[in-house]
$ cat protein22.cif   # mmCIF, C-alpha atoms
data_protein
loop_
_atom_site.label_atom_id
_atom_site.label_comp_id
_atom_site.auth_asym_id
_atom_site.auth_seq_id
_atom_site.Cartn_x
_atom_site.Cartn_y
_atom_site.Cartn_z
CA MET A 1350 92.07 122.17 63.34
CA MET A 1351 95.71 121.21 63.89
CA THR A 1352 96.92 120.94 67.50
CA SER A 1353 100.50 120.92 68.67
CA TYR A 1354 101.88 117.57 69.81
CA THR A 1355 104.08 117.37 72.89
CA PRO A 1356 106.02 114.09 73.21
CA SER A 1357 105.09 112.36 76.44
CA ARG A 1358 107.28 110.21 78.65
CA ARG A 1359 104.88 107.31 78.16
CA HIS A 1360 105.30 107.64 74.38
CA PHE A 1361 109.05 107.33 74.66
CA LEU A 1362 108.78 104.40 77.06
CA ARG A 1363 106.71 102.54 74.51
CA MET A 1364 109.15 103.44 71.73
CA ALA A 1365 112.15 102.28 73.77
CA ALA A 1366 110.44 99.06 74.80
CA SER A 1367 109.53 98.26 71.22
CA ALA A 1368 113.02 98.94 69.95
CA LEU A 1369 114.63 96.74 72.58
CA GLY A 1370 112.24 93.86 72.02
CA LEU A 1371 110.60 94.37 75.41
CA SER A 1372 106.91 94.06 76.10
CA PHE A 1373 106.67 96.28 79.14
CA ALA A 1374 106.87 99.95 80.00
CA VAL A 1375 110.06 100.30 82.00
CA PRO A 1376 109.30 101.34 85.58
CA GLY A 1377 111.00 104.20 87.32
CA LEU A 1378 114.59 103.20 87.95
CA GLU A 1379 116.84 105.59 89.83
CA LEU A 1380 119.77 103.22 89.41
CA LYS A 1381 123.53 103.51 89.38
CA ALA A 1382 125.70 100.51 90.27
CA ALA A 1383 125.46 96.96 91.49
CA GLY A 1384 126.49 96.09 95.01
CA GLN A 1385 125.68 93.85 97.94
CA ARG A 1386 124.58 95.32 101.23
CA GLY A 1387 127.36 95.78 103.70
CA ASP A 1388 127.47 96.32 107.43
CA GLU A 1389 125.91 99.78 107.11
CA ARG A 1390 122.54 98.85 105.68
CA ALA A 1391 119.93 101.36 104.67
CA LYS A 1392 116.46 100.36 105.81
CA SER A 1393 113.94 98.73 103.51
CA PHE A 1394 110.16 98.44 103.83
CA LEU A 1395 108.43 95.09 103.24
CA THR A 1396 104.65 94.81 103.26
CA ILE A 1397 102.87 91.47 103.41
CA TRP A 1398 99.52 92.48 101.91
CA LEU A 1399 96.52 90.31 102.81
CA GLY A 1400 93.98 91.34 100.21
CA GLY A 1401 90.26 91.20 100.90
CA GLY A 1402 90.36 91.94 104.62
CA PRO A 1403 91.80 89.29 106.96
CA SER A 1404 89.74 88.56 110.04
CA GLN A 1405 91.38 89.82 113.20
CA LEU A 1406 89.50 87.12 115.10
CA GLU A 1407 91.02 84.36 112.98
CA THR A 1408 94.55 85.84 112.98
CA TRP A 1409 96.14 88.05 115.64
CA ASP A 1410 93.21 88.91 117.96
CA PRO A 1411 91.19 85.77 118.72
CA HIS A 1412 88.40 85.63 121.29
CA PRO A 1413 87.70 81.90 121.58
CA GLY A 1414 84.75 80.72 123.60
CA THR A 1415 82.88 84.01 123.24
CA ARG A 1416 79.78 84.90 121.25
CA ILE A 1417 81.93 86.38 118.49
CA GLY A 1418 84.83 83.94 118.63
CA GLY A 1419 83.65 81.49 116.02
CA GLU A 1420 85.40 78.14 115.68
CA VAL A 1421 88.96 79.35 116.19
CA LYS A 1422 91.03 78.53 119.26
CA ALA A 1423 93.99 80.46 120.69
CA ILE A 1424 97.59 79.34 121.11
CA LYS A 1425 100.53 80.75 123.02
CA THR A 1426 103.29 82.63 121.21
CA THR A 1427 106.90 83.54 121.87
CA ILE A 1428 105.66 86.88 123.26
CA PRO A 1429 104.86 86.09 126.91
CA GLY A 1430 101.14 86.26 127.65
CA VAL A 1431 100.16 86.87 124.04
CA GLU A 1432 98.01 84.43 122.09
CA ILE A 1433 97.00 84.32 118.45
CA ALA A 1434 94.67 82.10 116.45
CA ASP A 1435 95.56 78.41 116.39
CA LEU A 1436 95.59 78.62 112.59
CA PHE A 1437 99.12 80.09 112.86
CA PRO A 1438 101.29 77.68 114.87
CA GLN A 1439 104.50 78.45 112.96
CA THR A 1440 104.02 82.22 113.12
CA ALA A 1441 103.40 81.88 116.86
CA GLU A 1442 106.99 80.59 117.14
CA GLN A 1443 108.34 83.69 115.38
CA LEU A 1444 106.07 86.37 116.84
CA HIS A 1445 108.81 87.70 119.15
CA HIS A 1446 110.29 89.42 116.09
CA MET A 1447 107.15 91.55 115.77
CA SER A 1448 104.72 93.72 117.68
CA VAL A 1449 100.95 93.33 117.44
CA ILE A 1450 98.56 96.22 116.90
CA ARG A 1451 95.00 95.09 117.65
CA SER A 1452 93.24 98.44 117.41
CA LEU A 1453 93.78 99.88 113.93
CA VAL A 1454 90.87 102.09 112.92
CA SER A 1455 89.82 103.45 109.55
CA LYS A 1456 86.80 105.21 108.07
CA GLU A 1457 86.94 103.21 104.84
CA GLY A 1458 84.97 99.98 104.47
CA ASP A 1459 85.08 99.61 100.67
CA HIS A 1460 87.85 97.42 99.25
CA GLU A 1461 89.31 99.94 96.81
CA ARG A 1462 89.03 102.96 99.09
CA ALA A 1463 90.33 101.05 102.11
CA SER A 1464 93.24 99.60 100.12
CA TYR A 1465 94.12 103.13 99.05
CA MET A 1466 94.10 104.31 102.65
CA LEU A 1467 96.15 101.36 103.93
CA HIS A 1468 98.74 101.98 101.24
CA THR A 1469 98.97 105.76 101.64
CA GLY A 1470 97.66 106.75 105.07
CA TYR A 1471 95.13 109.04 103.39
CA ARG A 1472 91.50 108.68 102.41
CA PRO A 1473 90.91 108.91 98.64
CA GLU A 1474 90.29 112.33 97.11
CA PRO A 1475 88.77 113.03 93.69
CA THR A 1476 91.46 115.52 92.66
CA LEU A 1477 94.63 113.93 94.04
CA VAL A 1478 96.41 110.57 94.13
CA HIS A 1479 98.62 110.18 97.18
CA PRO A 1480 101.84 108.17 96.95
CA SER A 1481 102.08 104.87 98.78
CA ILE A 1482 104.51 104.62 101.67
CA GLY A 1483 106.76 102.41 99.56
CA ALA A 1484 106.91 105.08 96.86
CA ILE A 1485 107.82 107.74 99.41
CA ALA A 1486 110.62 105.49 100.65
CA ILE A 1487 112.34 105.25 97.26
CA HIS A 1488 111.66 108.93 96.51
CA GLU A 1489 113.37 110.05 99.70
CA ARG A 1490 115.92 107.26 100.14
CA PRO A 1491 116.87 105.94 96.69
CA SER A 1492 119.65 103.38 96.52
CA ASP A 1493 122.74 104.01 94.41
CA THR A 1494 123.67 100.32 94.33
CA VAL A 1495 120.52 98.79 92.86
CA GLU A 1496 120.19 98.16 89.13
CA ILE A 1497 116.74 96.58 89.23
CA PRO A 1498 113.50 98.34 90.23
CA GLN A 1499 113.63 99.73 93.75
CA PHE A 1500 109.90 99.29 94.38
CA ILE A 1501 108.50 95.86 93.55
CA SER A 1502 105.06 94.29 93.96
CA LEU A 1503 105.06 90.47 94.02
CA GLY A 1504 101.82 88.61 93.36
CA ASP A 1505 98.49 89.57 91.88
CA ALA A 1506 97.40 92.50 94.05
CA ASN A 1507 94.01 93.97 93.15
CA PHE A 1508 95.11 97.48 94.06
CA PRO A 1509 98.91 97.70 93.71
CA PRO A 1510 100.83 100.57 95.34
CA ARG A 1511 101.37 103.68 93.23
CA GLY A 1512 103.63 106.69 93.02
CA GLY A 1513 100.71 109.12 93.09
CA PHE A 1514 101.62 112.76 92.80
CA LEU A 1515 105.33 111.84 93.00
CA GLY A 1516 105.01 110.47 89.47
CA ASP A 1517 104.46 107.21 87.61
CA ARG A 1518 108.13 106.31 87.85
CA PHE A 1519 107.53 105.60 91.55
CA ASP A 1520 104.78 103.04 90.84
CA ALA A 1521 105.67 99.55 92.02
CA TYR A 1522 107.05 97.27 89.30
CA ARG A 1523 104.73 94.26 89.23
CA ILE A 1524 105.83 90.62 89.20
CA PHE A 1525 102.69 88.50 88.84
CA ASN A 1526 104.41 85.10 89.03
CA PRO A 1527 107.21 85.36 91.60
CA GLY A 1528 110.13 83.00 91.23
CA GLU A 1529 109.92 82.89 87.43
CA ASN A 1530 112.86 85.27 86.81
CA GLY A 1531 110.55 88.27 86.42
CA GLN A 1532 108.60 89.30 83.37
CA ASN A 1533 110.41 90.65 80.32
CA LEU A 1534 113.54 91.63 82.21
CA SER A 1535 115.91 90.36 79.55
CA PRO A 1536 116.08 90.88 75.76
CA LEU A 1537 113.69 88.88 73.62
CA VAL A 1538 116.11 88.83 70.68
CA GLU A 1539 119.73 87.77 70.15
CA GLN A 1540 122.53 90.21 70.97
CA SER A 1541 123.39 91.18 67.38
CA ARG A 1542 119.79 92.00 66.58
CA GLN A 1543 119.41 94.00 69.77
CA GLU A 1544 122.51 96.04 68.90
CA ARG A 1545 121.04 96.87 65.49
CA ARG A 1546 117.79 97.92 67.12
CA LEU A 1547 119.65 100.15 69.54
CA GLN A 1548 121.54 101.79 66.68
CA ASN A 1549 118.28 102.39 64.83
CA LEU A 1550 116.66 103.74 67.98
CA SER A 1551 119.56 106.15 68.44
CA VAL A 1552 119.10 107.49 64.91
CA VAL A 1553 115.38 107.99 65.46
CA SER A 1554 115.92 109.58 68.87
CA GLN A 1555 118.54 112.02 67.62
CA SER A 1556 116.35 113.00 64.70
CA PHE A 1557 113.32 113.50 66.91
CA MET A 1558 115.33 115.58 69.39
CA ARG A 1559 116.18 118.27 66.85
CA GLY A 1560 114.28 121.36 67.84
CA ARG A 1561 112.69 119.56 70.79
CA LYS A 1562 115.67 119.01 73.12
CA THR A 1563 114.09 120.43 76.27
CA LYS A 1564 110.81 118.61 75.75
CA VAL A 1565 112.55 115.32 75.03
CA GLU A 1566 114.81 115.62 78.07
CA GLN A 1567 111.73 116.10 80.22
CA THR A 1568 110.45 112.69 79.13
CA LEU A 1569 113.53 110.96 80.65
CA HIS A 1570 113.67 108.90 77.46
CA GLN A 1571 117.43 108.32 77.36
CA HIS A 1572 117.59 107.85 81.11
CA THR A 1573 114.96 105.13 80.83
CA VAL A 1574 116.73 103.37 77.95
CA ASP A 1575 120.07 103.44 79.77
CA ALA A 1576 118.47 102.15 82.98
CA ALA A 1577 116.75 99.34 81.10
CA LEU A 1578 120.01 98.26 79.46
CA ARG A 1579 121.85 98.25 82.79
CA MET A 1580 119.06 96.21 84.32
CA MET A 1581 119.04 93.61 81.54
CA THR A 1582 122.73 92.85 82.08
CA SER A 1583 122.73 93.09 85.88
CA GLU A 1584 123.70 90.20 88.11
CA GLN A 1585 120.95 91.42 90.44
CA LEU A 1586 118.32 89.93 88.11
CA LYS A 1587 119.17 86.60 89.73
CA ALA A 1588 117.28 87.80 92.79
CA PHE A 1589 114.01 87.15 90.94
CA SER A 1590 114.78 83.43 90.62
CA VAL A 1591 114.60 80.94 93.48
CA GLU A 1592 116.10 77.91 91.74
CA SER A 1593 119.46 78.32 93.49
CA GLU A 1594 117.85 78.18 96.93
CA PRO A 1595 117.97 74.87 98.86
CA LYS A 1596 114.97 72.63 98.19
CA ASP A 1597 114.11 72.33 101.87
CA LEU A 1598 114.01 76.12 102.23
CA ARG A 1599 111.80 76.48 99.16
CA ALA A 1600 109.51 73.83 100.58
CA ALA A 1601 109.36 75.67 103.91
CA TYR A 1602 108.18 78.85 102.19
CA GLY A 1603 105.65 76.88 100.13
CA ASP A 1604 105.43 75.80 96.52
CA HIS A 1605 102.95 78.48 95.50
CA ALA A 1606 103.04 82.06 94.28
CA PHE A 1607 102.89 83.60 97.75
CA GLY A 1608 105.61 81.39 99.22
CA LYS A 1609 107.85 82.05 96.24
CA GLY A 1610 107.03 85.76 96.54
CA CYS A 1611 108.21 85.82 100.15
CA LEU A 1612 111.42 84.04 99.19
CA VAL A 1613 112.02 86.42 96.28
CA ALA A 1614 111.38 89.32 98.67
CA ARG A 1615 114.17 88.09 100.92
CA ARG A 1616 116.50 87.82 97.91
CA LEU A 1617 115.56 91.33 96.79
CA LEU A 1618 116.28 92.68 100.25
CA GLU A 1619 119.72 91.12 100.08
CA VAL A 1620 120.61 93.19 97.00
CA GLY A 1621 119.21 96.36 98.57
CA VAL A 1622 115.75 96.83 97.05
CA ARG A 1623 114.13 99.54 99.14
CA SER A 1624 110.37 98.82 98.95
CA ILE A 1625 108.64 95.47 98.41
CA GLU A 1626 105.08 94.22 98.67
CA VAL A 1627 104.06 90.55 98.60
CA ALA A 1628 100.34 90.04 98.10
CA LEU A 1629 98.09 87.17 99.14
CA GLN A 1630 94.47 87.55 98.06
CA GLY A 1631 91.35 85.69 99.20
CA PHE A 1632 90.47 87.04 102.65
CA ASP A 1633 87.06 88.46 101.68
CA THR A 1634 85.01 85.86 103.53
CA HIS A 1635 81.39 87.03 103.47
CA THR A 1636 80.41 83.35 103.45
CA LYS A 1637 81.96 80.42 105.30
CA ASN A 1638 84.42 82.68 107.08
CA HIS A 1639 86.18 80.01 109.12
CA GLU A 1640 86.82 77.80 106.12
CA GLY A 1641 88.03 80.72 104.01
CA GLN A 1642 90.33 82.18 106.64
CA SER A 1643 91.67 78.72 107.49
CA ALA A 1644 92.52 78.04 103.84
CA ARG A 1645 94.47 81.31 103.61
CA ALA A 1646 96.23 80.57 106.90
CA LYS A 1647 97.60 77.31 105.51
CA ILE A 1648 99.42 79.40 102.89
CA LEU A 1649 100.28 82.43 105.02
CA ASP A 1650 101.48 80.74 108.21
CA PRO A 1651 104.48 78.73 106.93
CA ALA A 1652 105.55 81.41 104.45
CA LEU A 1653 105.42 84.27 106.96
CA ALA A 1654 107.12 82.26 109.72
CA THR A 1655 109.89 81.11 107.39
CA LEU A 1656 110.38 84.65 106.09
CA LEU A 1657 110.75 86.15 109.58
CA ASN A 1658 113.16 83.42 110.63
CA ASP A 1659 115.11 83.71 107.38
CA LEU A 1660 115.44 87.50 107.70
CA ALA A 1661 116.61 87.17 111.29
CA ASP A 1662 119.13 84.44 110.46
CA ARG A 1663 120.61 86.51 107.62
CA ASP A 1664 120.82 89.70 109.69
CA LEU A 1665 118.29 91.41 107.44
CA LEU A 1666 115.49 91.95 109.93
CA GLN A 1667 117.25 94.80 111.70
CA SER A 1668 117.38 96.70 108.40
CA THR A 1669 113.90 95.71 107.17
CA ILE A 1670 110.63 97.05 108.51
CA VAL A 1671 108.01 94.32 108.05
CA LEU A 1672 104.29 95.16 108.03
CA VAL A 1673 101.59 92.49 107.76
CA THR A 1674 98.20 94.01 107.04
CA GLY A 1675 95.12 94.10 104.86
CA GLU A 1676 92.65 96.85 104.06
CA PHE A 1677 90.38 96.21 107.08
CA GLY A 1678 89.17 93.40 109.34
CA ARG A 1679 85.96 91.38 109.59
CA THR A 1680 82.85 91.98 111.67
CA PRO A 1681 82.63 90.51 115.18
CA ASN A 1682 79.16 89.23 114.35
CA ILE A 1683 78.86 86.19 112.13
CA ASN A 1684 76.25 86.67 109.40
CA PRO A 1685 73.56 84.14 108.36
CA LEU A 1686 75.91 82.72 105.70
CA ALA A 1687 78.51 81.85 108.37
CA GLY A 1688 80.64 84.73 107.11
CA ARG A 1689 82.03 87.96 108.46
CA ASP A 1690 81.60 91.27 106.65
CA HIS A 1691 83.84 94.35 106.32
CA TRP A 1692 85.04 95.90 109.59
CA PRO A 1693 87.33 98.96 109.67
CA ASN A 1694 86.45 99.78 113.30
CA GLY A 1695 89.17 97.79 115.07
CA PHE A 1696 91.42 95.39 113.18
CA SER A 1697 94.92 93.99 113.52
CA CYS A 1698 98.35 94.15 111.95
CA LEU A 1699 101.86 92.97 112.73
CA LEU A 1700 104.77 95.41 112.65
CA GLY A 1701 108.43 94.76 113.38
CA GLY A 1702 112.03 94.83 112.25
CA GLY A 1703 113.97 97.91 111.25
CA GLY A 1704 115.02 98.61 114.83
CA LEU A 1705 111.43 98.86 116.04
CA PRO A 1706 110.65 97.48 119.50
CA ASN A 1707 109.33 93.93 119.37
CA GLY A 1708 107.01 91.95 121.60
CA ILE A 1709 104.67 94.89 122.22
CA VAL A 1710 100.88 94.56 122.01
CA ILE A 1711 98.88 97.73 121.43
CA GLY A 1712 95.12 98.01 121.88
CA GLU A 1713 92.37 95.50 122.40
CA THR A 1714 88.91 94.87 121.00
CA ASP A 1715 85.75 94.03 122.90
CA PRO A 1716 85.53 90.23 123.29
CA GLU A 1717 81.76 90.47 123.23
CA GLY A 1718 81.64 92.59 120.07
CA GLU A 1719 79.33 95.18 121.60
CA LYS A 1720 81.71 98.15 121.44
CA ASN A 1721 82.55 99.48 118.01
CA LYS A 1722 85.61 101.39 119.19
CA PRO A 1723 88.65 99.43 120.43
CA LYS A 1724 90.73 100.38 123.42
CA ASP A 1725 93.76 102.52 122.54
CA PRO A 1726 92.81 103.05 118.87
CA VAL A 1727 95.59 103.54 116.32
CA GLU A 1728 94.98 105.65 113.24
CA VAL A 1729 96.41 104.44 109.94
CA ALA A 1730 98.24 107.74 109.51
CA ASP A 1731 100.00 107.20 112.86
CA LEU A 1732 101.06 103.73 111.79
CA TYR A 1733 102.72 105.17 108.69
CA ALA A 1734 104.26 108.11 110.52
CA THR A 1735 105.94 105.45 112.67
CA VAL A 1736 107.19 103.57 109.59
CA LEU A 1737 108.48 106.67 107.80
CA ASP A 1738 110.17 107.95 110.93
CA ARG A 1739 111.99 104.65 111.39
CA LEU A 1740 113.01 104.70 107.73
CA GLY A 1741 114.73 108.01 108.45
CA ILE A 1742 112.21 110.04 106.46
CA ASP A 1743 110.59 113.27 107.62
CA TYR A 1744 107.00 112.03 107.78
CA ALA A 1745 105.66 115.59 108.05
CA LYS A 1746 107.67 116.87 105.07
CA GLU A 1747 105.56 119.09 102.84
CA VAL A 1748 105.96 118.78 99.09
CA LEU A 1749 104.22 120.44 96.18
CA THR A 1750 102.01 118.33 93.93
CA PRO A 1751 102.19 118.90 90.15
CA ILE A 1752 99.39 121.47 90.44
CA GLY A 1753 101.19 123.35 93.21
CA ARG A 1754 99.20 122.02 96.15
CA PRO A 1755 101.27 121.57 99.34
CA MET A 1756 100.88 118.08 100.83
CA LYS A 1757 102.52 116.31 103.74
CA PHE A 1758 103.86 112.82 103.24
CA CYS A 1759 101.87 111.79 106.30
CA ALA A 1760 99.33 113.55 108.49
CA GLY A 1761 99.89 111.35 111.54
CA GLN A 1762 102.32 111.16 114.44
CA PRO A 1763 104.62 108.24 115.36
CA ILE A 1764 103.17 105.78 117.86
CA GLU A 1765 104.94 106.57 121.11
CA ARG A 1766 105.25 102.97 122.30
CA LEU A 1767 107.00 102.04 119.06
CA SER A 1768 109.33 105.03 118.95
CA ALA A 1769 112.12 103.51 121.01
CA THR A 1770 115.08 101.91 119.21
CA VAL A 1771 116.12 98.32 119.91
#

$ encode --input "protein22.cif" --output "structure tokens"
Amino acid sequence: MMTSYTPSRRHFLRMAASALGLSFAVPGLELKAAGQRGDERAKSFLTIWLGGGPSQLETWDPHPGTRIGGEVKAIKTTIPGVEIADLFPQTAEQLHHMSVIRSLVSKEGDHERASYMLHTGYRPEPTLVHPSIGAIAIHERPSDTVEIPQFISLGDANFPPRGGFLGDRFDAYRIFNPGENGQNLSPLVEQSRQERRLQNLSVVSQSFMRGRKTKVEQTLHQHTVDAALRMMTSEQLKAFSVESEPKDLRAAYGDHAFGKGCLVARRLLEVGVRSIEVALQGFDTHTKNHEGQSARAKILDPALATLLNDLADRDLLQSTIVLVTGEFGRTPNINPLAGRDHWPNGFSCLLGGGGLPNGIVIGETDPEGEKNKPKDPVEVADLYATVLDRLGIDYAKEVLTPIGRPMKFCAGQPIERLSATV
């Protein structure tokens, strides 16, 4: 039996990519013109994603000398009276740019489900995919000066942020090897051959459109092709490369994918990219927790400290909300394999920039590990209501999903202590 065929957007993306000699499906680009940020800067959202579940006890909430403290010691920071793990001496010198939340709580202890919740503020549902906070940011506050993707994931994240019910075009564009000029962002053939391919593609497109104009327009085929061509000739592509940066600065970030990712993130912020995630995996330390967390800290500490200092020096921190988090924390108790297991019942994150108050510490966990619930618990949804509100987005805005279901961007409320403007 013959069935009718409706051309899909994905089909046209593949056709356009093939014709242009590209080996990727072009991400959603709501792009117009190049331009550098000026004095009136729209806010961006930068997530430093610590995949696997960083231990709060070996990062921002140490309890040295206690039954649960492990081998870590505590050091003073530039926030008076606040100490963090001694694995982060450089970050300790930059902590005044941030606030510390030590009482995040979640009901999800599985990696995939918890990553979903910490990207969206919602628990997973079988019939709906919620958009990540970064996707909401570019949906509600798109830039008209950016010719490259406005939502970018740097590094090899296991569960990258998605557009959810807002649509695939709001998925993060993934750069697996930061600092290498991006993947497939320029033509793979010489100019004359590309021009012939474009002419041939135009003939095919016009022919296919006959009798199907409305359906074809719904695929955003021509929009995608035009956006891809603008991107491939944009000066903003230079933001993906770090070769022009001073050697000492590159060394300070670290000569590895995460360090380069943080440096690229700063360069992307300079050209106005709205949402960025830089991922560092390896925090799932069920065995030899101290060794595993220490190894990650050697990568994270210099890169994060240099990034915060760099953003502040370049007057980008005031226009950039920075969130440092993973999907959950680690258990207070150390297991027989010298590891810590999954713990969503009271974990830590750093939040700052974007005009948020800094130097604030919210919540505390039981230093003896006997109480499952922290003092002054903070729900994930409230964390993201705070972020969206500071981005100038109505966090409680209700939109219709493709099946007509009304959904709020966020079900939480802004954290009162972080609602003041600095």

$ closest_residue --input "protein22.cif" --among "A:Phe1514, A:Trp1692, A:Phe1589, A:Trp1398" --to "Val1622 in chain A" --atoms "all atoms listed in the file"
A:Phe1589

$ residues_around --input "protein22.cif" --residues "Leu1749 in chain A" --least-positions-apart "2" --cutoff "12 Å" --atoms "all atoms listed in the file" --output "number ranges by chain"
A: 1477, 1479, 1514-1515, 1746-1747, 1751-1758

$ closest_residue --input "protein22.cif" --among "A:Met1581, A:Val1627, A:Leu1656, A:Ile1711" --to "Ala1601 in chain A" --atoms "only C-alpha atoms"
A:Leu1656

$ atom_distance --input "protein22.cif" --atom1 "CA of Phe1500 in chain A" --atom2 "CA of Gly1761 in chain A"
23.2 Å

$ resolve_selection --input "protein22.cif" --expression "the PyMOL selection byres ((chain A and resi 1510) around 8)" --output "JSON, numbers by chain"
{"A": [1468, 1480, 1481, 1483, 1484, 1502, 1508, 1509, 1511, 1512, 1520, 1521]}

$ write_last_selection --input "protein22.cif" --atoms "C-alpha atoms" --output "PDB file, in the frame of the given file"
ATOM      1  CA  HIS A1468      98.740 101.980 101.240  1.00  0.00           C
ATOM      2  CA  PRO A1480     101.840 108.170  96.950  1.00  0.00           C
ATOM      3  CA  SER A1481     102.080 104.870  98.780  1.00  0.00           C
ATOM      4  CA  GLY A1483     106.760 102.410  99.560  1.00  0.00           C
ATOM      5  CA  ALA A1484     106.910 105.080  96.860  1.00  0.00           C
ATOM      6  CA  SER A1502     105.060  94.290  93.960  1.00  0.00           C
ATOM      7  CA  PHE A1508      95.110  97.480  94.060  1.00  0.00           C
ATOM      8  CA  PRO A1509      98.910  97.700  93.710  1.00  0.00           C
ATOM      9  CA  ARG A1511     101.370 103.680  93.230  1.00  0.00           C
ATOM     10  CA  GLY A1512     103.630 106.690  93.020  1.00  0.00           C
ATOM     11  CA  ASP A1520     104.780 103.040  90.840  1.00  0.00           C
ATOM     12  CA  ALA A1521     105.670  99.550  92.020  1.00  0.00           C
TER      13      ALA A1521
END

$ closest_residue --input "protein22.cif" --among "A:Met1447, A:Ile1524, A:Ala1588, A:Val1478" --to "Glu1496 in chain A" --atoms "only C-alpha atoms"
A:Ala1588

$ residues_around --input "protein22.cif" --residues "Arg1663 in chain A" --least-positions-apart "5" --cutoff "10 Å" --atoms "all atoms listed in the file" --output "PyMOL selection string"
chain A and resi 1615+1619+1658

$ resolve_selection --input "protein22.cif" --expression "the PyMOL selection byres ((chain A and resi 1642) around 9)" --output "list of chain:residue names"
A:Pro1403, A:Ser1404, A:Glu1407, A:Thr1408, A:Leu1436, A:Gly1631, A:Phe1632, A:Asp1633, A:Thr1634, A:Lys1637, A:Asn1638, A:His1639, A:Glu1640, A:Gly1641, A:Ser1643, A:Ala1644, A:Arg1645, A:Ala1646, A:Lys1647

$ atom_distance --input "protein22.cif" --atom1 "CA of Cys1759 in chain A" --atom2 "CA of Tyr1744 in chain A"
5.3 Å

$ closest_atom_pairs --input "protein22.cif" --of "range 1687-1757 of chain A" --to "range 1421-1433 of chain A" --cutoff "12 Å" --atoms "all atoms listed in the file" --output "CSV"
residue,atom,partner,partner_atom,distance
A:Ser1697,CA,A:Ile1433,CA,11.1
A:Cys1698,CA,A:Ile1433,CA,11.9
A:Leu1699,CA,A:Ile1433,CA,11.5
A:Asn1707,CA,A:Ile1428,CA,8.8
A:Gly1708,CA,A:Ile1428,CA,5.5
A:Ile1709,CA,A:Ile1428,CA,8.1
A:Val1710,CA,A:Val1431,CA,8.0
A:Ile1711,CA,A:Val1431,CA,11.2
A:Glu1713,CA,A:Val1431,CA,11.7

$ write_last_selection --input "protein22.cif" --atoms "C-alpha atoms" --output "mmCIF file, in the frame of the given file"
data_model
loop_
_atom_site.group_PDB
_atom_site.id
_atom_site.type_symbol
_atom_site.label_atom_id
_atom_site.label_comp_id
_atom_site.auth_asym_id
_atom_site.auth_seq_id
_atom_site.Cartn_x
_atom_site.Cartn_y
_atom_site.Cartn_z
ATOM 1 C CA SER A 1697 94.920 93.990 113.520
ATOM 2 C CA CYS A 1698 98.350 94.150 111.950
ATOM 3 C CA LEU A 1699 101.860 92.970 112.730
ATOM 4 C CA ASN A 1707 109.330 93.930 119.370
ATOM 5 C CA GLY A 1708 107.010 91.950 121.600
ATOM 6 C CA ILE A 1709 104.670 94.890 122.220
ATOM 7 C CA VAL A 1710 100.880 94.560 122.010
ATOM 8 C CA ILE A 1711 98.880 97.730 121.430
ATOM 9 C CA GLU A 1713 92.370 95.500 122.400
#

$ resolve_selection --input "protein22.cif" --expression "the PyMOL selection byres ((chain A and resi 1691) around 8)" --output "PyMOL selection string"
chain A and resi 1402+1458-1459+1677-1680+1689-1690+1692-1693

$ closest_residue --input "protein22.cif" --among "A:Gly1419, A:Lys1587, A:Tyr1465, A:Thr1735" --to "Gln1405 in chain A" --atoms "all atoms listed in the file"
A:Gly1419

$ closest_residue --input "protein22.cif" --among "A:Leu1617, A:Leu1399, A:Ala1734, A:Ile1482" --to "Ala1760 in chain A" --atoms "only C-alpha atoms"
A:Ala1734

$ axis_aligned_box --input "protein22.cif" --around "range 1505-1518 of chain A" --padding-each-side "8 Å" --output "JSON"
{"center_x": 101.1, "center_y": 101.2, "center_z": 91.5, "size_x": 30.1, "size_y": 39.2, "size_z": 23.7}

$ atom_distance --input "protein22.cif" --atom1 "CA of Asp1731 in chain A" --atom2 "CA of Pro1763 in chain A"
5.4 Å

$ residues_near_point --input "protein22.cif" --point "(113.7, 99.2, 98.7)" --cutoff "8 Å" --atoms "all atoms listed in the file" --output "VMD selection string"
chain A and resid 1392 to 1394 1483 1486 to 1487 1491 to 1492 1499 to 1500 1618 1621 to 1625

$ residues_near_point --input "protein22.cif" --point "(99.9, 101.8, 108.7)" --cutoff "9 Å" --atoms "only C-alpha atoms" --output "JSON list (two decimals) with C-alpha atoms, in the coordinates of the input"
[["chain", "number", "residue", "atom", "x", "y", "z"],
["A", 1453, "LEU", "CA", 93.78, 99.88, 113.93],
["A", 1466, "MET", "CA", 94.10, 104.31, 102.65],
["A", 1467, "LEU", "CA", 96.15, 101.36, 103.93],
["A", 1468, "HIS", "CA", 98.74, 101.98, 101.24],
["A", 1469, "THR", "CA", 98.97, 105.76, 101.64],
["A", 1470, "GLY", "CA", 97.66, 106.75, 105.07],
["A", 1482, "ILE", "CA", 104.51, 104.62, 101.67],
["A", 1672, "LEU", "CA", 104.29, 95.16, 108.03],
["A", 1674, "THR", "CA", 98.20, 94.01, 107.04],
["A", 1698, "CYS", "CA", 98.35, 94.15, 111.95],
["A", 1700, "LEU", "CA", 104.77, 95.41, 112.65],
["A", 1727, "VAL", "CA", 95.59, 103.54, 116.32],
["A", 1728, "GLU", "CA", 94.98, 105.65, 113.24],
["A", 1729, "VAL", "CA", 96.41, 104.44, 109.94],
["A", 1730, "ALA", "CA", 98.24, 107.74, 109.51],
["A", 1731, "ASP", "CA", 100.00, 107.20, 112.86],
["A", 1732, "LEU", "CA", 101.06, 103.73, 111.79],
["A", 1733, "TYR", "CA", 102.72, 105.17, 108.69],
["A", 1734, "ALA", "CA", 104.26, 108.11, 110.52],
["A", 1735, "THR", "CA", 105.94, 105.45, 112.67],
["A", 1736, "VAL", "CA", 107.19, 103.57, 109.59]]
